[in-house]
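Participant: What follows is entry-v9.cif, mmCIF, C-alpha atoms.
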data_target
loop_
_atom_site.label_atom_id
_atom_site.label_comp_id
_atom_site.auth_asym_id
_atom_site.auth_seq_id
_atom_site.Cartn_x
_atom_site.Cartn_y
_atom_site.Cartn_z
CA MET E 1486 203.19 2.49 -113.73
CA GLY E 1487 202.48 0.15 -110.81
CA VAL E 1488 200.16 0.81 -107.91
CA THR E 1489 202.93 1.97 -105.57
CA GLU E 1490 204.30 4.37 -108.17
CA SER E 1491 200.83 5.72 -108.93
CA LEU E 1492 200.14 6.44 -105.27
CA GLY E 1493 203.58 7.98 -104.85
CA ALA E 1494 202.94 10.26 -107.80
CA VAL E 1495 199.76 11.55 -106.13
CA VAL E 1496 201.57 12.31 -102.88
CA LYS E 1497 204.33 14.06 -104.79
CA ALA E 1498 201.82 16.20 -106.67
CA PHE E 1499 199.80 16.95 -103.54
CA PRO E 1500 202.08 17.30 -100.49
CA GLN E 1501 199.03 18.04 -98.33
CA ALA E 1502 197.83 14.50 -99.00
CA ARG E 1503 199.33 12.81 -95.95
CA LEU E 1504 198.22 9.30 -96.88
CA VAL E 1505 196.93 7.87 -100.15
CA ALA E 1506 195.92 4.23 -100.12
CA PHE E 1507 194.40 1.70 -102.46
CA ALA E 1508 191.95 -0.68 -100.79
CA ASP E 1509 189.81 -3.69 -101.45
CA LEU E 1510 186.64 -2.84 -99.56
CA SER E 1511 185.18 -6.33 -99.90
CA SER E 1512 188.09 -7.91 -98.00
CA ARG E 1513 188.57 -4.80 -95.80
CA MET E 1514 192.24 -4.54 -96.73
CA ILE E 1515 194.51 -1.67 -97.65
CA LEU E 1516 196.59 -3.16 -100.46
CA SER E 1517 199.08 -0.35 -100.93
CA SER E 1518 199.71 3.10 -99.50
CA ALA E 1519 202.01 6.09 -99.78
CA GLY E 1520 202.49 9.29 -97.86
CA THR E 1521 204.25 11.00 -94.99
CA LEU E 1522 201.74 10.00 -92.33
CA SER E 1523 203.15 7.28 -90.12
CA THR E 1524 200.55 4.59 -89.74
CA THR E 1525 200.21 1.21 -88.12
CA GLN E 1526 198.23 -1.68 -89.57
CA GLU E 1527 195.54 -0.79 -87.04
CA HIS E 1528 195.30 2.70 -88.51
CA LEU E 1529 195.03 1.32 -92.03
CA ASP E 1530 192.32 -1.15 -90.98
CA LYS E 1531 190.39 1.69 -89.36
CA LEU E 1532 190.71 3.82 -92.48
CA CYS E 1533 189.33 0.98 -94.56
CA ASP E 1534 186.43 0.53 -92.14
CA GLN E 1535 185.70 4.25 -92.39
CA ALA E 1536 185.60 3.99 -96.18
CA ARG E 1537 183.06 1.19 -95.87
CA ALA E 1538 181.06 3.20 -93.33
CA SER E 1539 180.99 6.19 -95.67
CA PHE E 1540 179.20 4.09 -98.26
CA ASP E 1541 176.78 2.64 -95.76
CA ASP E 1542 173.36 3.51 -94.40
CA PRO E 1543 171.69 5.70 -93.51
CA LEU E 1544 173.28 8.31 -95.80
CA PHE E 1545 173.91 5.75 -98.52
CA ALA E 1546 170.21 4.88 -98.65
CA LEU E 1547 169.24 8.56 -98.74
CA SER E 1548 171.63 9.22 -101.59
CA VAL E 1549 170.48 6.18 -103.57
CA GLU E 1550 166.86 7.17 -103.11
CA ALA E 1551 167.48 10.76 -104.10
CA PHE E 1552 170.22 10.75 -106.73
CA GLY E 1553 171.59 7.27 -107.31
CA GLU E 1554 174.43 5.23 -105.91
CA PRO E 1555 177.26 7.34 -104.47
CA ASN E 1556 180.88 6.57 -105.24
CA ALA E 1557 182.62 9.53 -103.62
CA ALA E 1558 182.69 10.73 -100.04
CA VAL E 1559 184.45 13.58 -98.27
CA VAL E 1560 184.62 13.41 -94.48
CA MET E 1561 185.89 16.47 -92.65
CA GLY E 1562 186.69 16.50 -88.96
CA PRO E 1563 188.58 18.92 -86.74
CA GLU E 1564 191.96 17.36 -87.54
CA ASN E 1565 191.93 16.37 -91.16
CA LEU E 1566 189.97 15.60 -94.29
CA ARG E 1567 189.40 12.11 -95.61
CA PHE E 1568 188.41 11.37 -99.17
CA PHE E 1569 187.07 8.00 -100.28
CA LEU E 1570 186.40 7.09 -103.89
CA ARG E 1571 185.02 3.79 -105.16
CA SER E 1572 185.51 2.53 -108.69
CA GLU E 1573 182.33 2.72 -110.74
CA THR E 1574 183.22 -0.49 -112.55
CA GLU E 1575 184.74 -2.41 -109.62
CA PRO E 1576 183.00 -1.08 -106.47
CA ALA E 1577 185.30 -3.04 -104.18
CA ASP E 1578 188.28 -1.04 -105.46
CA ALA E 1579 188.64 2.21 -103.58
CA MET E 1580 191.04 5.00 -102.81
CA CYS E 1581 191.29 6.12 -99.18
CA CYS E 1582 193.04 9.41 -98.51
CA ILE E 1583 193.91 11.52 -95.47
CA CYS E 1584 194.71 15.14 -96.22
CA ASP E 1585 195.31 18.45 -94.52
CA HIS E 1586 192.41 20.88 -94.71
CA GLY E 1587 194.35 23.20 -96.98
CA ILE E 1588 194.45 20.79 -99.91
CA ASP E 1589 193.14 21.87 -103.33
CA LEU E 1590 190.17 19.53 -103.08
CA PRO E 1591 188.74 19.91 -106.62
CA ALA E 1592 192.12 19.17 -108.20
CA PHE E 1593 192.82 16.37 -105.75
CA VAL E 1594 189.47 14.68 -106.42
CA ALA E 1595 190.16 14.76 -110.15
CA LYS E 1596 193.65 13.31 -109.67
CA ILE E 1597 192.42 10.51 -107.41
CA ARG E 1598 189.70 9.64 -109.91
CA THR E 1599 192.16 9.19 -112.77
CA THR E 1600 194.56 7.29 -110.52
CA LEU E 1601 191.86 4.86 -109.41
CA GLU E 1602 190.72 4.31 -112.97
CA SER E 1603 194.26 3.53 -114.09
CA ILE E 1604 194.84 1.12 -111.19
CA THR E 1605 191.51 -0.64 -111.68
CA HIS E 1606 191.94 -1.00 -115.41
CA ALA E 1607 195.54 -2.16 -115.02
CA GLY E 1608 194.48 -4.83 -112.53
CA MET G 68 148.52 36.46 -122.14
CA ASN G 69 146.34 33.79 -120.61
CA ARG G 70 146.03 34.74 -116.92
CA GLY G 71 146.15 31.07 -116.03
CA THR G 72 149.80 30.96 -117.08
CA LEU G 73 150.84 33.89 -114.88
CA PRO G 74 151.43 31.86 -111.69
CA ILE G 75 153.51 29.39 -113.67
CA LEU G 76 155.61 32.13 -115.25
CA ALA G 77 156.09 33.82 -111.90
CA ARG G 78 157.17 30.54 -110.32
CA LEU G 79 159.61 29.82 -113.14
CA GLN G 80 161.03 33.29 -112.78
CA SER G 81 161.53 32.85 -109.04
CA LEU G 82 163.20 29.46 -109.59
CA GLN G 83 165.69 31.06 -111.96
CA THR G 84 166.56 33.72 -109.41
CA THR G 85 169.81 32.99 -107.61
CA ALA G 86 169.09 32.77 -103.89
CA ARG G 87 171.34 34.85 -101.69
CA ILE G 88 171.99 33.57 -98.21
CA VAL G 89 173.41 35.70 -95.41
CA PRO G 90 175.06 34.66 -92.12
CA GLY G 91 172.48 33.10 -89.84
CA GLY G 92 170.82 31.16 -92.63
CA ALA G 93 168.53 33.95 -93.73
CA ARG G 94 167.57 34.34 -97.39
CA ILE G 95 167.49 37.77 -98.98
CA ILE G 96 164.09 38.34 -100.57
CA SER G 97 164.32 42.05 -101.28
CA GLU G 98 167.35 44.11 -102.23
CA THR G 99 167.91 47.78 -101.47
CA THR G 100 167.00 48.53 -105.07
CA ASP G 101 163.64 46.72 -105.02
CA ARG G 102 160.85 49.19 -105.51
CA ASN G 103 158.23 47.40 -103.46
CA PRO G 104 159.61 45.15 -100.70
CA VAL G 105 156.10 44.51 -99.32
CA ALA G 106 155.30 42.78 -102.60
CA GLN G 107 158.31 40.48 -102.17
CA LEU G 108 157.26 39.69 -98.61
CA LEU G 109 153.75 38.78 -99.72
CA ARG G 110 155.00 36.65 -102.61
CA VAL G 111 157.23 34.61 -100.29
CA THR G 112 154.28 34.21 -97.93
CA ASN G 113 151.99 33.25 -100.79
CA GLU G 114 154.39 30.48 -101.88
CA THR G 115 154.27 28.88 -98.44
CA MET G 116 151.79 26.03 -98.56
CA LEU G 117 152.90 23.89 -95.62
CA ALA G 118 152.69 25.41 -92.16
CA ARG G 119 155.86 27.40 -91.47
CA SER G 120 157.05 30.20 -89.25
CA LEU G 121 158.54 32.97 -91.38
CA ARG G 122 160.69 35.55 -89.65
CA PHE G 123 161.17 38.66 -91.78
CA VAL G 124 164.10 40.81 -90.78
CA SER G 125 164.95 44.21 -92.22
CA THR G 126 168.52 45.45 -92.24
CA GLY G 127 166.90 48.66 -91.04
CA GLY G 128 166.22 46.98 -87.69
CA PRO G 129 162.66 45.69 -87.26
CA SER G 130 161.57 42.09 -87.58
CA LEU G 131 158.21 40.38 -87.86
CA THR G 132 157.48 36.68 -87.34
CA LEU G 133 154.38 35.13 -88.88
CA ASP G 134 152.88 31.68 -88.79
CA VAL G 135 151.87 30.93 -92.37
CA ALA G 136 150.11 28.04 -94.10
CA GLY G 137 148.18 27.47 -97.31
CA ARG G 138 148.67 31.00 -98.68
CA ARG G 139 147.24 32.49 -95.47
CA ILE G 140 148.81 34.38 -92.59
CA LEU G 141 147.56 32.57 -89.51
CA ARG G 142 148.99 34.73 -86.76
CA VAL G 143 151.71 37.14 -85.67
CA THR G 144 154.01 35.47 -83.17
CA ASP G 145 156.65 38.16 -82.71
CA ALA G 146 157.37 41.75 -83.66
CA GLN G 147 160.57 43.59 -82.82
CA GLY G 148 161.06 47.27 -83.41
CA LEU G 149 157.51 47.73 -84.67
CA ALA G 150 154.95 49.91 -82.92
CA GLY G 151 151.30 48.93 -82.93
CA ALA G 152 151.79 45.18 -82.95
CA GLU G 153 149.75 44.65 -79.78
CA SER G 154 146.47 44.19 -81.61
CA CYS G 155 147.85 41.24 -83.58
CA ILE G 156 150.34 39.47 -81.31
CA GLY G 157 148.94 36.68 -79.20
CA LEU G 158 145.83 36.05 -81.25
CA GLU G 159 145.26 32.38 -82.09
CA ALA G 160 144.16 33.37 -85.58
CA LEU G 161 144.06 36.71 -87.37
CA GLU G 162 140.65 37.91 -88.49
CA ASP G 163 139.35 40.52 -90.86
CA GLU G 164 139.36 43.26 -88.23
CA GLN G 165 143.16 42.91 -87.84
CA LYS G 166 143.98 43.27 -91.54
CA ASP G 167 144.72 47.01 -91.42
CA ASP G 168 147.02 46.63 -88.41
CA LEU G 169 148.72 43.66 -90.06
CA ILE G 170 149.30 45.67 -93.25
CA LYS G 171 150.99 48.40 -91.18
CA LEU G 172 153.26 45.78 -89.64
CA LEU G 173 154.13 44.40 -93.07
CA GLN G 174 154.94 47.89 -94.29
CA GLY G 175 156.93 48.56 -91.15
CA VAL G 176 159.24 45.62 -91.66
CA ALA G 177 159.48 45.79 -95.46
CA ILE G 178 161.24 49.14 -95.57
CA PRO G 179 162.19 50.60 -98.96
CA ARG G 180 165.93 50.89 -99.61
CA GLU G 181 166.74 48.25 -96.97
CA GLU G 182 167.39 44.55 -97.52
CA LEU G 183 164.67 42.24 -96.33
CA HIS G 184 165.64 38.75 -95.15
CA VAL G 185 163.51 35.74 -94.30
CA ILE G 186 164.29 32.81 -92.01
CA SER G 187 161.98 29.81 -92.19
CA GLY G 188 161.26 27.51 -89.26
CA PRO G 189 158.59 25.23 -87.80
CA VAL G 190 155.38 26.81 -86.58
CA GLY G 191 154.92 27.10 -82.85
CA ARG G 192 151.34 25.92 -82.67
CA GLY G 193 149.82 23.26 -84.93
CA GLY G 194 149.13 25.47 -87.89
CA GLU G 195 148.29 22.54 -90.12
CA GLU G 196 144.83 22.25 -88.62
CA VAL G 197 144.01 25.95 -88.72
CA SER G 198 141.90 26.96 -91.67
CA VAL G 199 141.40 30.60 -90.76
CA GLY G 200 143.74 33.53 -90.81
CA LEU G 201 144.02 36.19 -93.49
CA PRO G 202 144.48 35.17 -97.13
CA VAL G 203 147.63 36.63 -98.67
CA ALA G 204 145.62 37.38 -101.81
CA LEU G 205 143.29 39.64 -99.79
CA LEU G 206 146.21 41.63 -98.38
CA ALA G 207 147.75 41.86 -101.86
CA ASP G 208 144.48 43.21 -103.27
CA LEU G 209 144.29 45.86 -100.56
CA LEU G 210 147.86 46.91 -101.32
CA LEU G 211 147.33 46.78 -105.12
CA ILE G 212 150.07 44.17 -105.40
CA GLU G 213 150.14 41.59 -108.18
CA LEU G 214 151.31 38.35 -106.55
CA ASN G 215 152.06 36.71 -109.88
CA ALA G 216 153.82 39.67 -111.45
CA THR G 217 156.35 38.85 -114.14
CA GLU G 218 157.43 42.47 -114.56
CA PRO G 219 159.28 44.73 -112.08
CA ASP G 220 157.08 46.28 -109.40
CA GLU G 221 155.79 49.81 -109.48
CA GLU G 222 156.23 52.03 -106.46
CA PRO G 223 153.49 51.26 -103.93
CA GLU G 224 150.57 53.65 -104.16
CA VAL G 225 149.60 53.21 -100.54
CA ALA G 226 151.69 53.02 -97.42
CA PRO G 227 152.36 56.64 -96.63
CA GLU G 228 155.50 56.72 -94.56
CA GLU G 229 153.93 58.51 -91.61
CA GLU G 230 151.52 55.64 -91.08
CA ALA G 231 154.17 52.95 -91.04
CA PRO G 232 155.46 51.98 -87.59
CA LEU G 233 158.90 53.38 -86.97
CA PRO G 234 161.78 51.10 -86.13
CA THR G 235 162.67 51.28 -82.45
CA SER G 236 165.87 49.28 -82.55
CA LYS G 237 169.30 49.90 -83.99
CA PRO G 238 170.07 48.60 -87.46
CA GLY G 239 171.17 45.00 -87.33
CA ASP G 240 169.93 44.42 -83.79
CA SER G 241 167.42 41.80 -84.79
CA LEU G 242 169.46 40.08 -87.49
CA ALA G 243 170.56 36.59 -86.69
CA ASP G 244 173.98 36.67 -85.13
CA GLY G 245 175.26 33.55 -86.82
CA GLY G 246 178.53 33.66 -88.66
CA GLY G 247 179.80 30.41 -87.31
CA GLY G 248 177.78 27.33 -86.45
CA LEU G 249 175.84 25.27 -88.94
CA SER G 250 173.75 28.21 -90.16
CA GLY G 251 176.97 30.00 -90.96
CA PHE G 252 178.20 26.86 -92.72
CA ALA G 253 175.02 26.82 -94.81
CA SER G 254 175.44 30.49 -95.63
CA ALA G 255 179.06 30.03 -96.62
CA LEU G 256 178.16 27.20 -98.98
CA GLY G 257 176.05 29.71 -100.87
CA PRO G 258 173.56 28.94 -103.62
CA ALA G 259 175.07 25.51 -104.32
CA LEU G 260 173.29 24.36 -101.17
CA VAL G 261 169.81 24.18 -102.63
CA ALA G 262 167.94 22.78 -99.62
CA TRP G 263 168.87 22.24 -95.98
CA LEU G 264 167.61 22.02 -92.45
CA ILE G 265 169.09 21.94 -88.98
CA ASN G 266 167.85 19.48 -86.38
CA GLY G 267 168.75 19.95 -82.71
CA GLY G 268 170.85 22.54 -80.90
CA SER G 269 170.17 26.24 -80.67
CA GLU G 270 169.57 26.52 -84.43
CA ASP G 271 166.94 23.78 -84.48
CA GLY G 272 164.29 24.26 -87.15
CA ARG G 273 166.24 26.53 -89.48
CA THR G 274 165.68 25.58 -93.08
CA ASP G 275 165.86 26.89 -96.60
CA GLY G 276 165.04 25.62 -100.05
CA PRO G 277 162.04 24.10 -101.82
CA GLU G 278 159.53 22.84 -99.29
CA GLU G 279 159.20 19.39 -100.81
CA MET G 280 162.98 18.83 -100.54
CA VAL G 281 163.18 20.21 -97.01
CA SER G 282 160.20 18.10 -96.01
CA HIS G 283 161.91 14.96 -97.37
CA LEU G 284 165.11 15.76 -95.47
CA ASP G 285 163.08 16.45 -92.34
CA GLY G 286 161.30 13.11 -92.61
CA PHE G 287 164.62 11.32 -93.08
CA LEU G 288 166.15 12.93 -90.01
CA GLY G 289 163.01 12.17 -88.02
CA ASP G 290 163.45 8.47 -88.78
CA GLU G 291 167.21 8.14 -88.97
CA ARG G 292 168.79 10.69 -86.67
CA GLU G 293 170.10 8.07 -84.21
CA SER G 294 171.58 5.87 -86.93
CA LEU G 295 173.11 8.94 -88.57
CA GLU G 296 174.76 9.82 -85.25
CA ARG G 297 176.19 6.28 -85.16
CA GLN G 298 177.48 6.66 -88.71
CA PHE G 299 179.13 9.94 -87.72
CA ASP G 300 180.71 8.32 -84.66
CA VAL G 301 182.27 5.54 -86.76
CA LEU G 302 183.85 8.25 -88.90
CA SER G 303 184.98 10.43 -85.97
CA ALA G 304 188.13 10.13 -83.89
CA THR G 305 185.95 10.48 -80.79
CA PRO G 306 182.17 9.99 -80.59
CA GLY G 307 180.42 13.34 -80.69
CA ASP G 308 183.24 15.13 -82.53
CA PRO G 309 182.26 17.77 -85.10
CA ILE G 310 182.08 16.19 -88.52
CA CYS G 311 180.94 17.03 -92.02
CA MET G 312 180.32 14.46 -94.71
CA ILE G 313 179.53 14.88 -98.37
CA LEU G 314 178.31 11.92 -100.36
CA GLY G 315 177.64 11.84 -104.07
CA ALA G 316 178.16 10.09 -107.36
CA THR G 317 181.09 12.30 -108.31
CA LEU G 318 180.90 15.34 -105.95
CA VAL G 319 181.64 17.64 -108.90
CA GLU G 320 178.38 17.38 -110.84
CA GLY G 321 174.80 16.35 -110.24
CA HIS G 322 173.62 16.35 -106.64
CA SER G 323 175.36 15.42 -103.41
CA ILE G 324 174.16 14.93 -99.86
CA VAL G 325 175.83 17.01 -97.15
CA ALA G 326 175.46 16.08 -93.50
CA ALA G 327 177.23 17.83 -90.65
CA ARG G 328 177.23 17.67 -86.87
CA VAL G 329 178.42 20.32 -84.45
CA GLY G 330 177.45 19.67 -80.85
CA ALA G 331 173.79 18.67 -80.65
CA ALA G 332 172.94 20.14 -84.03
CA ILE G 333 172.83 18.21 -87.29
CA LEU G 334 172.57 19.85 -90.70
CA LEU G 335 171.30 17.83 -93.61
CA GLY G 336 171.20 19.29 -97.08
CA VAL G 337 171.51 18.88 -100.81
CA ILE G 338 174.32 20.43 -102.87
CA GLU G 339 173.82 20.97 -106.58
CA GLY G 340 176.85 20.97 -108.85
CA ASP G 341 180.43 21.11 -107.60
CA ALA G 342 180.46 20.23 -103.90
CA THR G 343 184.23 20.30 -103.56
CA THR G 344 184.94 23.97 -104.17
CA ALA G 345 183.11 25.80 -101.40
CA THR G 346 182.94 23.10 -98.78
CA LEU G 347 186.37 23.31 -97.20
CA GLY G 348 186.29 27.07 -96.78
CA ALA G 349 182.80 26.85 -95.36
CA TRP G 350 183.53 24.09 -92.87
CA ARG G 351 186.48 25.51 -90.95
CA PRO G 352 184.65 28.59 -89.58
CA ALA G 353 181.79 26.36 -88.43
CA LEU G 354 184.18 24.76 -85.95
CA LEU G 355 185.06 28.07 -84.27
#
Can the structure in the file be given as structure tokens, please?
Facilitator:
Amino acid sequence: MGVTESLGAVVKAFPQARLVAFADLSSRMILSSAGTLSTTQEHLDKLCDQARASFDDPLFALSVEAFGEPNAAVVMGPENLRFFLRSETEPADAMCCICDHGIDLPAFVAKIRTTLESITHAG
Amino acid sequence: MNRGTLPILARLQSLQTTARIVPGGARIISETTDRNPVAQLLRVTNETMLARSLRFVSTGGPSLTLDVAGRRILRVTDAQGLAGAESCIGLEALEDEQKDDLIKLLQGVAIPREELHVISGPVGRGGEEVSVGLPVALLADLLLIELNATEPDEEPEVAPEEEAPLPTSKPGDSLADGGGGLSGFASALGPALVAWLINGGSEDGRTDGPEEMVSHLDGFLGDERESLERQFDVLSATPGDPICMILGATLVEGHSIVAARVGAAILLGVIEGDATTATLGAWRPALL
């Protein structure tokens, strides 16, 4: 299954995931995305920047000092929930997701993890 | 049993006890079924080494706020619904002549068959430098309480009810009102949130969890609050928006950092285990 199909399968399984994207954090680019949320390139660039900011100081340093390097981040605001997951083997590879608050977060996190692993290992 | 091991066993036992948090960020230290709530109050006080303000609140109504440091009660800073507090309130440091009045206040707030809650916060007046006050061990001796008990408590032999100050307020009057806000968020996260503190806003200074963890979080916020606000703003649609962030290796096991902002208040804490299950349900009410 290709990247586009993998992302599409996530959106199909989790309709409350409005946008699921695969990004290269090192080049700050969303490489592929799927979902019902209409987005411009500007929106995708901003989402990628937010993923980078999630794994940045000062919280990154606190986490590293306390528990080790973080690879997963959930950001909840008034409007939506964003989930960012970096690959443990290829830290530049990341999933960036925008979801409604009602999503089954534990199941979604598990699904995104397996999807990222399959994309990273396939690439 | 070697008496030297008793404090260690008691500490291990308390660490294995699941903490119960109620709205407002308070921790339940004595249940309605506990036979000697004064003993629980003194044990919590005796575990407080760094200077803290401990506010004890009974579901029966009264509350008592103590400045505590180094296993000593330094002073009484507030008493609600308790008669006879005048001799203790306002003193810079409690002395031996106040011990009987203080014991009556402790008995007045730690009412049998009522829950007893504690809310921890920063002391009002530099307690770190104060080396006086009343040792918790002295009060425990007078009340025949074993601070390091590893067995259930016996009924107290002292504290006749007629000598205890009577509550003068309605039940629940002096309980923290929180249900929303960041204290409510902390409460809703439950025991998975093993240590936390709130910096800024009306809930400033509320904390719970092991002192060394809270102290580390406090030091971090002291140094990094401004840069954390900037990190939040990058992740928010509009600077200053409410936001909650959880950061961890996997979010489902091990430890994760939780940081949240609502208005001027920032909560920083540590979640143990699965951070994904309780978080969503806890966050939405905090925005109300």
Participant: Check the smallest atom-to-atom distance from each of E:Val1594, E:Leu1601, E:Ala1506, E:Ala1551 to Cys1582 of chain E using all atoms listed in the file, then report the winner.
Facilitator: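 Of the candidates, the smallest distance to Cys1582 of chain E is held by E:Ala1506.
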Participant: Pull out every residue of chain E sitting within 12 Å of chain G, counting all atoms listed in the file, and send them as a PyMOL selection string.
Facilitator: chain E and resi 1528+1531-1573+1584-1595+1597-1598
Participant: Any idea what the distance is between atom CA of Arg138 of chain G and atom CA of Glu339 of chain G?
Facilitator: 28.2 Å
Participant: Exactly which residues make up the result of the PyMOL selection byres ((chain G and resi 271) around 10) on this file, given as JSON, numbers by chain?
Facilitator: {"G": [188, 189, 250, 264, 265, 266, 267, 268, 269, 270, 272, 273, 274, 331, 332, 333, 334]}
Participant: Output the residue selection produced by the PyMOL selection byres ((chain E and resi 1517) around 6) on the file above, formatted as a PDB file with C-alpha atoms, keeping the file's coordinate frame.
Facilitator:
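Wrote it out as out-v6.pdb, contents follow:
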ATOM      1  CA  ALA E1506     195.920   4.230-100.120  1.00  0.00           C
ATOM      2  CA  PHE E1507     194.400   1.700-102.460  1.00  0.00           C
ATOM      3  CA  ILE E1515     194.510  -1.670 -97.650  1.00  0.00           C
ATOM      4  CA  LEU E1516     196.590  -3.160-100.460  1.00  0.00           C
ATOM      5  CA  SER E1518     199.710   3.100 -99.500  1.00  0.00           C
TER       6      SER E1518
END
Participant: May I ask for the distance between atom CA of Asn103 of chain G and atom CA of Ala177 of chain G, given in Å to one decimal place?
Facilitator: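 Result for atom CA of Asn103 of chain G versus atom CA of Ala177 of chain G: 8.3 Å, one decimal.
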Participant: Please measure the separation of atom CA of Lys1497 of chain E and atom CA of Ile1583 of chain E, giving the value in Å to one decimal.
Facilitator: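 Atom CA of Lys1497 of chain E sits 14.2 Å away from atom CA of Ile1583 of chain E.
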Participant: Which one is closest to Leu1504 of chain E: E:Ile1604, E:Met1486, E:Leu1492, E:Ala1519? Count all atoms listed in the file.
Facilitator: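 For Leu1504 of chain E, the nearest of the candidates is E:Ala1519.
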Participant: Expand the PyMOL selection byres ((chain G and resi 261) around 8) into the individual residues it matches in the shown file, reporting them as an mmCIF file with C-alpha atoms, in the frame of the given file.
Facilitator:
data_model
loop_
_atom_site.group_PDB
_atom_site.id
_atom_site.type_symbol
_atom_site.label_atom_id
_atom_site.label_comp_id
_atom_site.auth_asym_id
_atom_site.auth_seq_id
_atom_site.Cartn_x
_atom_site.Cartn_y
_atom_site.Cartn_z
ATOM 1 C CA PRO G 258 173.560 28.940 -103.620
ATOM 2 C CA ALA G 259 175.070 25.510 -104.320
ATOM 3 C CA LEU G 260 173.290 24.360 -101.170
ATOM 4 C CA ALA G 262 167.940 22.780 -99.620
ATOM 5 C CA TRP G 263 168.870 22.240 -95.980
ATOM 6 C CA ASP G 275 165.860 26.890 -96.600
ATOM 7 C CA GLY G 276 165.040 25.620 -100.050
ATOM 8 C CA PRO G 277 162.040 24.100 -101.820
ATOM 9 C CA GLY G 336 171.200 19.290 -97.080
ATOM 10 C CA VAL G 337 171.510 18.880 -100.810
ATOM 11 C CA ILE G 338 174.320 20.430 -102.870
ATOM 12 C CA GLU G 339 173.820 20.970 -106.580
#
Participant: Considering only C-alpha atoms, return as a list in words whatever protein or nucleic-acid residues lie within 9 Å of Gly1493 of chain E, sequence-local ones (same chain, fewer than 2 positions apart) excluded.
Facilitator: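 Listed by chain and then number, they are Val1488, Thr1489, Glu1490, Ser1491, Val1495, Val1496, Lys1497, Ala1498, Val1505, Ser1518, Ala1519 and Gly1520 of chain E.
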Participant: So that I can check the surroundings of segment 150-158 of chain G, please list as a list of chain:residue names every protein, DNA and RNA residue that reaches within 10 Å of it, counting all atoms listed in the file and ignoring chain neighbours fewer than 2 positions away.
Facilitator: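 Here the answer would be G:Pro129, G:Leu131, G:Thr132, G:Leu133, G:Leu141, G:Arg142, G:Val143, G:Thr144, G:Asp145, G:Ala146, G:Gln147, G:Gly148, G:Ala160, G:Leu161, G:Glu162, G:Glu164, G:Gln165, G:Lys166, G:Asp168, G:Leu169, G:Lys171, G:Leu172, G:Gly175, G:Ala231, G:Pro232, G:Leu233, G:Pro234, G:Thr235.
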Participant: Find the residues around segment 105-121 of chain G up to 9 Å (all atoms listed in the file counted), leave out those fewer than 2 positions away in its own chain, and share them as a VMD selection string.
Facilitator: chain G and resid 78 96 to 97 101 to 103 123 131 to 140 144 173 to 174 176 to 179 183 185 to 191 193 to 195 202 to 204 206 to 207 210 212 to 215 220 223 278
Participant: Go ahead and fit an axis-aligned box to every listed atom of segment 1589-1599 of chain E plus 6 Å each side, and pass me the centre and edge lengths in Å, one decimal, as JSON.
Facilitator:
{"center_x": 191.2, "center_y": 15.5, "center_z": -107.9, "size_x": 16.9, "size_y": 24.7, "size_z": 21.7}
